[in-house]
Every structure is written in structure tokens, then in C-alpha cells.
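Encoded as C-alpha cells, the structure appears first; notes follow it.
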Amino acid sequence: MTGTLLLASTMILSACNNGNSNQTVKANTEPAATEGASNAVPAAEKPTGTLKVQLVGDFSLEDKTDPISGKTSKGVKMLKEEFEKQYPDTSVEFVLMGWDNYNEKTQTMLQSGAADVYQVPGITTFVEQGLLEPLQPYIDKDSYDLGKYLNGQVEGWKVMGPDDQEPQIYGLPFIGDARVIVYDRQLFDDWGVDYLPESPTIEEVLDKASKMTGKNPKTGEQNYGLTFKGSDAADSVMNINESLGGQWGTGFLWKDMKLEFNSDTMVQSLDLMKEAIKYAPEGVMAGQGAENFLTEKNNIAINLRESPGFINNLANLGLEDRYEAALLFKNQKTGMGGMFAGSPFAIGASSSNKDLAWEWLKFSGSEFFQQYMWEEQRSQSMPVIKAAENWSSVQEIGQMDTILKQMGQLWTPRYPYRSGQPRYILSENVERVLLGELNSADALKKAQEEATKWLADQQ
């Protein structure tokens with residue numbers, strides 16, 4: 001069918017295997033202050049009934065203790081209890097699932113009306129099929145303040161339904177995510193190299209990485225200037241491309257999409273990644289060589305793309321002062337750069353209690369809900385509201401300022417090409433260049449031709 005989108009790829013969340021915080025959030029009996037009086041619902045008008053909420057990830061209804069860190073995190077029953085206090089005569093039921101085949105499972109649930117509220121990082125495909133409820137009418141009815149969210153968080157989840165002429169709001173953010181550059185200040189000190197600025201260029205990173213590749217002048221151990229995840233290399237190339245003034249292409253639906261995989265800036269960006277690999281461990285493309293990063297035994301100066309969950313590793317090992325974060329590469333004119341990620345909540349078109357579902361979406365943007373996610377689910381969620389910048393528990397973590405800034409400058413709308421085969425075509429050809437099998441120009445020409453043909457086949 002024209003404009004049909006494939007299932008959106010899984011949006012990678014923050015370091016899901018890291019330990020959770022054991023801080024608790026005190027339950028309130030009224031909506032959080034940040035919701036504002038205009039968003040409060042008079043008791044007599046509050047919807048009632050049963051609300052089924054689907055959650056994807058490492059969630060548990062009951063409290064659980066991490067076997068590694070020994071920390072206990074509060075289960076999502078805390079959210080259930082608070083919502084039911086705020087909305088009498090309601091009952092919240094959770095449908096919890098892991099990331100395994102979550103898109104397919106969500107599809108089945110939406111088609112059968114198995115829940116009311118859905119966590120949908122793969123929102124694009126469901127909206128295109130008409131399976132999710134448009135939210136603008138609810139937003140307008142309540143004059144709901146979207147300004148409470150960090151810059152770009154609402155825009156990042158905009159998508160197009162069958163009858164839309166431009167991207168619209170079908171989901172509201174509740175899990176934040178991003179990638180940042182992380183570096184080891186101790187290795188910089190050992191080599192006498194100045195730290196990275198908050199917003200470095202690719203040229204600065206490569207220059208400093210080249211100076212820290214070799215035998216450490218203080219320890220005598222082999223050091224490497226940088227590392228990156230081989231399977232994410234195409235995303236790093238695209239991020240570099242953005243900083244050089246390039247773009248992935250234009251359009252949102254397959255039928256309207258024009259790719260720019262083989263532009264001059266893309267070729268230049270891939271050549272820069274070829275240079276970067278000279279300063280990385282030999283097995284970097286196979287996910288090897290960076291096992292000690294974020295530990296005391298680390299031998300790598302810079303990681304080009306690290307998930308926010310690294311702050312949990314540092315806290316567990318007491319290394320908060322050793323590692324620092326910097327922003328991803330960004331376009332100098334727009335100030336934007338980096339792949340948008342995270343999770344939104346959406347209302348199923350088949351829901352029988354949409355008004356109550358909308359109240360849950362508003363609840364997910366409250367300080368109570370977001371503080372719960374921050375304090376109890378930190379391994380898989382960053383806050384999505386501006387109020388978090390003033391929380392003492394956020395301010396006391398030095399790297400959080402950079403993480404929240406990065407979340408506010410992610411490129412929106414999202415890279416729609418990553419929702420289908422063009423993502424994998426580009427990744428394969430980028431990896432072949434970094435493995436020495438093709439040169440940049442030939443690989444990107446091949447990627448452009450193959451991805452363009454795939455787009456034509458979708459029409």
C-alpha cells in the first residue's frame with residue numbers, strides 16, 4: 001500500500017542492565033503542581049472504570065532487588081496506587097512485557113483491544129494503520145501545557161496517520177533517552193591533553209584521540225584514543241554528517257522520501273569514521289576491546305556514543321569524578337544533532353475508556369510520575385520534563401546537565417528512514433567500509449541505489 005511503513009525499529013533504551021536507585025518517591029494525594037490548575041479535573045468530572053496500561057522493558061509490579069548492586073527499586077504498583085488515589089473508582093491493570101518481539105505483540109494487542117494505553121517507541125507503523133488515537137483534540141480540550149516537556153520531546157514523537165498532511169501528535173513522552181560522548185578525565189591527565197569542550201567537533205575528538213593512542217606515559221599500558229559500538233557506526237556517521245551541514249534526506253512516508261546517503265558530506269563523514277577506527281581497539285567492529293570502559297582499569301579515552309545509564313555504573317563503582325559527558329556533534333546553524341530516542345505513551349483507537357486513558361497520559365507527565373521513573377527506573381529512563389532540571393537528585397550528578405541538554409537538541413522529527421530497510425542497507429555498507437571491504441564513495445553510492453529501489457518497491 002502506498003505510504004506503508006514497516007515496523008519501526010526498537011528504540012534503544014538506557015543501559016537496561018544497570019542497577020536501579022533505591023530512593024523512594026512520596027505519594028501525593030493531589031496531582032503534581034507542575035500539571036497546573038488548568039489541567040486538573042474536577043472530582044465530579046473525573047472518568048472512572050478499569051484502565052489497562054501496557055509497559056515494555058524491565059518493569060515489575062512488585063518491588064525488586066538488583067542482585068549486583070543490592071539496591072531495591074519500587075515496582076510500578078506505586079504508580080497504580082497514586083493514580084487510583086487521584087482518580088477514585090478506577091482500577092489500573094498493567095500488561096508488562098520485555099523487549100522480545102514487542103512490536104509484534106503490541107500490534108496484536110492493538111488489533112484486539114487488549115489495553116487502553118500503550119508504550120510505543122515503534123509508534124510510526126501503528127499510526128499509519130490507524131491503530132492509535134490522535135491527541136490534539138484532548139490537548140485542546142484541556143489546554144494541556146506541552147511546554148512542561150524538554151525541548152523537542154513532544155515533536156520527536158510526531159507521526160503521520162492515513163489522513164494527515166503533516167506529522168501530528170499521537171503520543172506523549174514518558175521515557176527519555178539520548179546518546180552522549182563520554183570520556184575518561186584520568187587518561188586525559190595522564191597524556192597531558194586538554195579535556196573535551198561541552199560541545200566538541202569531530203575534528204577535535206579525532207585530534208585528541210590521536211594523541212592518546214599508544215603507550216600511556218604514566219602507566220606504560222596500551223591506551224586507545226576512542227571506541228564506539230560497531231553496530232551503531234552508521235548513526236555516528238549520520239551525526240557527523242549533520243555537524244557538517246548534511247542531512248539524511250527529506251520526507252516522512254516512504255512514497256515521499258528522498259534519501260541523501262551518498263552526498264558529499266556523507267562521504268566526508270564516513271572518511272572521518274575511517275580515521276576514527278585507527279585510534280580504536282582492533283576488535284571494535286566486533287564489539288571487543290572496550291570491556292573496561294567506565295571502570296578503574298579503563299584504557300580508552302573517549303566513547304563516541306554512550307547511553308545515559310552509564311551514570312549508574314559510575315555510581316556503583318564510585319567513579320563519578322573520573323568520567324565526563326559531552327554533547328554529540330551538532331549542526332552549527334540549527335544547534336541540533338543526534339538520533340531521537342525513548343518511549344511515548346499513546347491511546348489505542350480500540351480503547352473503550354479513552355478519557356481515562358488520556359488522564360494517564362497527563363499523569364505520566366507529572367512530577368510524581370517522572371520522579372518515580374528517575375528514582376526507581378533510572379536504568380531505563382531519563383526525565384522528559386523541564387522541572388527535572390531543578391531536582392536536587394539530578395543536580396548532584398555532574399553529567400546530568402549534559403544529558404538533559406543533549407535530549408533537548410536531538411534531531412526532530414526523527415530519522416524516518418530508520419523505520420525500515422534503508423536503515424539496515426546504510427548500516428551494512430558503512431560497516432563494510434570500516435572493515436576495509438569498500439571505499440566510502442562506492443559504499444554510499446551502493447547504499448543510495450539499494451535504499452532508493454526499496455522505497456520505490458513500497459509504492
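Going through the C-alpha cells in order, the chains are called A, B, and so on, while each chain numbers its residues from 1 and the ligands are numbered from 1 in the order shown.
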Residues of segment 112-147 of chain A that have any atom at most 12 Å from an atom of segment 96-100 of chain A: could you tabulate them with the shortest-distance atom pair and the distance in Å to one decimal, using only C-alpha atoms, ordered by chain and increasing number, as JSON lines?
{"residue": "A:Ala115", "atom": "CA", "partner": "A:Leu96", "partner_atom": "CA", "distance": 11.1}
{"residue": "A:Val117", "atom": "CA", "partner": "A:Leu96", "partner_atom": "CA", "distance": 11.9}
{"residue": "A:Tyr118", "atom": "CA", "partner": "A:Leu96", "partner_atom": "CA", "distance": 10.5}
{"residue": "A:Gln119", "atom": "CA", "partner": "A:Leu96", "partner_atom": "CA", "distance": 10.2}
{"residue": "A:Val120", "atom": "CA", "partner": "A:Trp99", "partner_atom": "CA", "distance": 11.3}
{"residue": "A:Pro121", "atom": "CA", "partner": "A:Trp99", "partner_atom": "CA", "distance": 10.8}
{"residue": "A:Gly122", "atom": "CA", "partner": "A:Trp99", "partner_atom": "CA", "distance": 11.6}
For the selection just defined, write its residues with all heavy atoms to a file, as a PDB file, in the first residue's frame.
ATOM      1  N   ALA A 115      -5.638  -3.447  25.554  1.00  0.00           N
ATOM      2  CA  ALA A 115      -5.260  -2.433  26.539  1.00  0.00           C
ATOM      3  C   ALA A 115      -5.824  -1.080  26.094  1.00  0.00           C
ATOM      4  O   ALA A 115      -6.396  -0.947  25.007  1.00  0.00           O
ATOM      5  CB  ALA A 115      -3.742  -2.369  26.697  1.00  0.00           C
ATOM      6  N   VAL A 117      -3.854   2.036  27.147  1.00  0.00           N
ATOM      7  CA  VAL A 117      -2.648   2.858  26.989  1.00  0.00           C
ATOM      8  C   VAL A 117      -1.495   1.945  26.590  1.00  0.00           C
ATOM      9  O   VAL A 117      -1.326   0.858  27.163  1.00  0.00           O
ATOM     10  CB  VAL A 117      -2.305   3.592  28.303  1.00  0.00           C
ATOM     11  CG1 VAL A 117      -0.988   4.347  28.164  1.00  0.00           C
ATOM     12  CG2 VAL A 117      -3.431   4.542  28.689  1.00  0.00           C
ATOM     13  N   TYR A 118      -0.706   2.406  25.616  1.00  0.00           N
ATOM     14  CA  TYR A 118       0.388   1.588  25.100  1.00  0.00           C
ATOM     15  C   TYR A 118       1.702   2.377  25.108  1.00  0.00           C
ATOM     16  O   TYR A 118       1.726   3.570  24.780  1.00  0.00           O
ATOM     17  CB  TYR A 118       0.111   1.146  23.655  1.00  0.00           C
ATOM     18  CG  TYR A 118      -1.078   0.240  23.501  1.00  0.00           C
ATOM     19  CD1 TYR A 118      -2.371   0.766  23.404  1.00  0.00           C
ATOM     20  CD2 TYR A 118      -0.928  -1.145  23.459  1.00  0.00           C
ATOM     21  CE1 TYR A 118      -3.474  -0.062  23.263  1.00  0.00           C
ATOM     22  CE2 TYR A 118      -2.029  -1.979  23.313  1.00  0.00           C
ATOM     23  CZ  TYR A 118      -3.293  -1.433  23.218  1.00  0.00           C
ATOM     24  OH  TYR A 118      -4.387  -2.254  23.077  1.00  0.00           O
ATOM     25  N   GLN A 119       2.784   1.691  25.471  1.00  0.00           N
ATOM     26  CA  GLN A 119       4.132   2.235  25.308  1.00  0.00           C
ATOM     27  C   GLN A 119       4.573   1.878  23.893  1.00  0.00           C
ATOM     28  O   GLN A 119       4.716   0.701  23.564  1.00  0.00           O
ATOM     29  CB  GLN A 119       5.090   1.635  26.332  1.00  0.00           C
ATOM     30  CG  GLN A 119       6.531   2.108  26.188  1.00  0.00           C
ATOM     31  CD  GLN A 119       7.456   1.450  27.181  1.00  0.00           C
ATOM     32  OE1 GLN A 119       7.014   0.952  28.218  1.00  0.00           O
ATOM     33  NE2 GLN A 119       8.751   1.440  26.886  1.00  0.00           N
ATOM     34  N   VAL A 120       4.803   2.892  23.050  1.00  0.00           N
ATOM     35  CA  VAL A 120       5.024   2.611  21.622  1.00  0.00           C
ATOM     36  C   VAL A 120       6.234   3.355  21.058  1.00  0.00           C
ATOM     37  O   VAL A 120       6.091   4.330  20.315  1.00  0.00           O
ATOM     38  CB  VAL A 120       3.764   2.953  20.788  1.00  0.00           C
ATOM     39  CG1 VAL A 120       2.727   1.875  20.915  1.00  0.00           C
ATOM     40  CG2 VAL A 120       3.166   4.308  21.210  1.00  0.00           C
ATOM     41  N   PRO A 121       7.457   2.913  21.367  1.00  0.00           N
ATOM     42  CA  PRO A 121       8.611   3.508  20.689  1.00  0.00           C
ATOM     43  C   PRO A 121       8.547   3.293  19.177  1.00  0.00           C
ATOM     44  O   PRO A 121       9.106   4.074  18.419  1.00  0.00           O
ATOM     45  CB  PRO A 121       9.803   2.784  21.321  1.00  0.00           C
ATOM     46  CG  PRO A 121       9.236   1.536  21.902  1.00  0.00           C
ATOM     47  CD  PRO A 121       7.848   1.877  22.324  1.00  0.00           C
ATOM     48  N   GLY A 122       7.851   2.232  18.740  1.00  0.00           N
ATOM     49  CA  GLY A 122       7.627   1.984  17.324  1.00  0.00           C
ATOM     50  C   GLY A 122       6.311   2.582  16.860  1.00  0.00           C
ATOM     51  O   GLY A 122       5.541   1.932  16.148  1.00  0.00           O
TER      52      GLY A 122
END
From the DSSP assignment of the backbone, select every residue of segment 189-338 of chain A that is strand (DSSP E), and format the answer as number ranges by chain.
A: 214-215, 222-227, 249-250, 258-259, 300-306, 323-326
Segment 217-233 of chain A: which residues within 9 Å, counting only C-alpha atoms, same-chain residues fewer than 2 positions away excluded, as an NGL selection string?
:A and (183 or 187 or 190-191 or 205-206 or 208-215 or 235-238 or 273 or 276-281 or 284-287 or 289-290 or 298-306 or 427-428 or 430-431 or 434)
Output file for the residues above (C-alpha atoms, as a PDB file, in the first residue's frame):
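Below is the file that was written, part_33.pdb:
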ATOM      1  CA  TYR A 183      35.496  10.481  28.191  1.00  0.00           C
ATOM      2  CA  LEU A 187      43.584   9.331  30.816  1.00  0.00           C
ATOM      3  CA  ASP A 190      47.970  11.069  32.067  1.00  0.00           C
ATOM      4  CA  TRP A 191      48.613  12.198  28.494  1.00  0.00           C
ATOM      5  CA  VAL A 205      37.717  14.440  19.028  1.00  0.00           C
ATOM      6  CA  LEU A 206      39.956  12.868  16.390  1.00  0.00           C
ATOM      7  CA  LYS A 208      42.701  14.351  20.934  1.00  0.00           C
ATOM      8  CA  ALA A 209      42.136  10.634  20.264  1.00  0.00           C
ATOM      9  CA  SER A 210      45.265  10.531  18.104  1.00  0.00           C
ATOM     10  CA  LYS A 211      47.318  11.970  20.967  1.00  0.00           C
ATOM     11  CA  MET A 212      46.171   9.288  23.427  1.00  0.00           C
ATOM     12  CA  THR A 213      46.673   6.187  21.316  1.00  0.00           C
ATOM     13  CA  GLY A 214      49.791   4.297  22.324  1.00  0.00           C
ATOM     14  CA  LYS A 215      51.720   3.509  25.488  1.00  0.00           C
ATOM     15  CA  ASP A 235      24.317   6.518  13.353  1.00  0.00           C
ATOM     16  CA  SER A 236      27.671   8.089  14.226  1.00  0.00           C
ATOM     17  CA  VAL A 237      28.314   8.766  10.547  1.00  0.00           C
ATOM     18  CA  MET A 238      24.898  10.423  10.230  1.00  0.00           C
ATOM     19  CA  MET A 273      34.937   7.432  10.778  1.00  0.00           C
ATOM     20  CA  ALA A 276      38.495   7.234  13.932  1.00  0.00           C
ATOM     21  CA  ILE A 277      38.871   3.472  13.714  1.00  0.00           C
ATOM     22  CA  LYS A 278      42.669   3.912  13.644  1.00  0.00           C
ATOM     23  CA  TYR A 279      42.514   5.040  17.268  1.00  0.00           C
ATOM     24  CA  ALA A 280      40.176   2.250  18.440  1.00  0.00           C
ATOM     25  CA  PRO A 281      40.903  -1.275  19.699  1.00  0.00           C
ATOM     26  CA  VAL A 284      35.912  -2.599  17.882  1.00  0.00           C
ATOM     27  CA  MET A 285      33.688  -3.610  14.951  1.00  0.00           C
ATOM     28  CA  ALA A 286      33.023  -6.940  16.664  1.00  0.00           C
ATOM     29  CA  GLY A 287      32.197  -5.288  19.980  1.00  0.00           C
ATOM     30  CA  GLY A 289      38.236  -4.088  23.292  1.00  0.00           C
ATOM     31  CA  ALA A 290      36.110  -1.707  25.372  1.00  0.00           C
ATOM     32  CA  ASN A 298      39.857   1.576  31.628  1.00  0.00           C
ATOM     33  CA  ASN A 299      42.331   2.065  28.783  1.00  0.00           C
ATOM     34  CA  ILE A 300      40.167   4.031  26.296  1.00  0.00           C
ATOM     35  CA  ALA A 301      39.964   7.830  26.395  1.00  0.00           C
ATOM     36  CA  ILE A 302      36.692   8.558  24.546  1.00  0.00           C
ATOM     37  CA  ASN A 303      33.460   6.713  23.752  1.00  0.00           C
ATOM     38  CA  LEU A 304      31.650   8.328  20.800  1.00  0.00           C
ATOM     39  CA  ARG A 305      28.158   7.115  21.799  1.00  0.00           C
ATOM     40  CA  GLU A 306      27.227   6.108  25.338  1.00  0.00           C
ATOM     41  CA  SER A 427      24.464   0.220   8.252  1.00  0.00           C
ATOM     42  CA  GLU A 428      25.709  -2.721   6.195  1.00  0.00           C
ATOM     43  CA  VAL A 430      29.079   1.675   6.463  1.00  0.00           C
ATOM     44  CA  GLU A 431      30.339  -1.419   8.263  1.00  0.00           C
ATOM     45  CA  LEU A 434      35.107   0.282   8.298  1.00  0.00           C
TER      46      LEU A 434
END
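The coordinates place atom CA of Ala326 of chain A at 9.8 Å from atom CA of Asp401 of chain A.
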Would you compute the distance between atom CA of Lys64 of chain A and atom CA of Leu317 of chain A? Give it in Å to one decimal.
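Pair atom CA of Lys64 of chain A / atom CA of Leu317 of chain A returns 20.9 Å.
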List the spatial neighbours of Ala178 of chain A as JSON, numbers by chain - criterion: any atom at most 7 Å away, only C-alpha atoms, same-chain residues fewer than 4 positions off excluded.
{"A": [307, 308, 340, 341, 406, 407]}
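Nearest to Gly318 of chain A of all the residues A:Gly337, A:Met257, A:Glu296, A:Leu61 is A:Glu296, based on only C-alpha atoms.
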In terms of the shortest atom-to-atom distance over only C-alpha atoms, which of A:Leu435, A:Ile385, A:Ala315, A:Ala234 is closest to Glu282 of chain A?
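Of the candidates, the smallest distance to Glu282 of chain A is held by A:Leu435.
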May I have the residues within 12 Å of Val76 of chain A as a VMD selection string, using only C-alpha atoms and disregarding those fewer than 2 positions away in the same chain?
chain A and resid 25 53 to 55 57 to 64 73 to 74 78 to 83 92 to 96 369 372 to 373 376 to 377
Give me every helix (DSSP H, G or I) residue in segment 273-420 of chain A, going by DSSP on the backbone, as a PyMOL selection string.
chain A and resi 273-279+284-286+310-317+354-364+367-376+386-390+392-395+400-407+416-419
For each of A:Ile425, A:Ala325, A:Met382, A:Leu150, take the minimum atom-to-atom distance to Gly408 of chain A, counting only C-alpha atoms, then give the residue where this is smallest.
A:Leu150
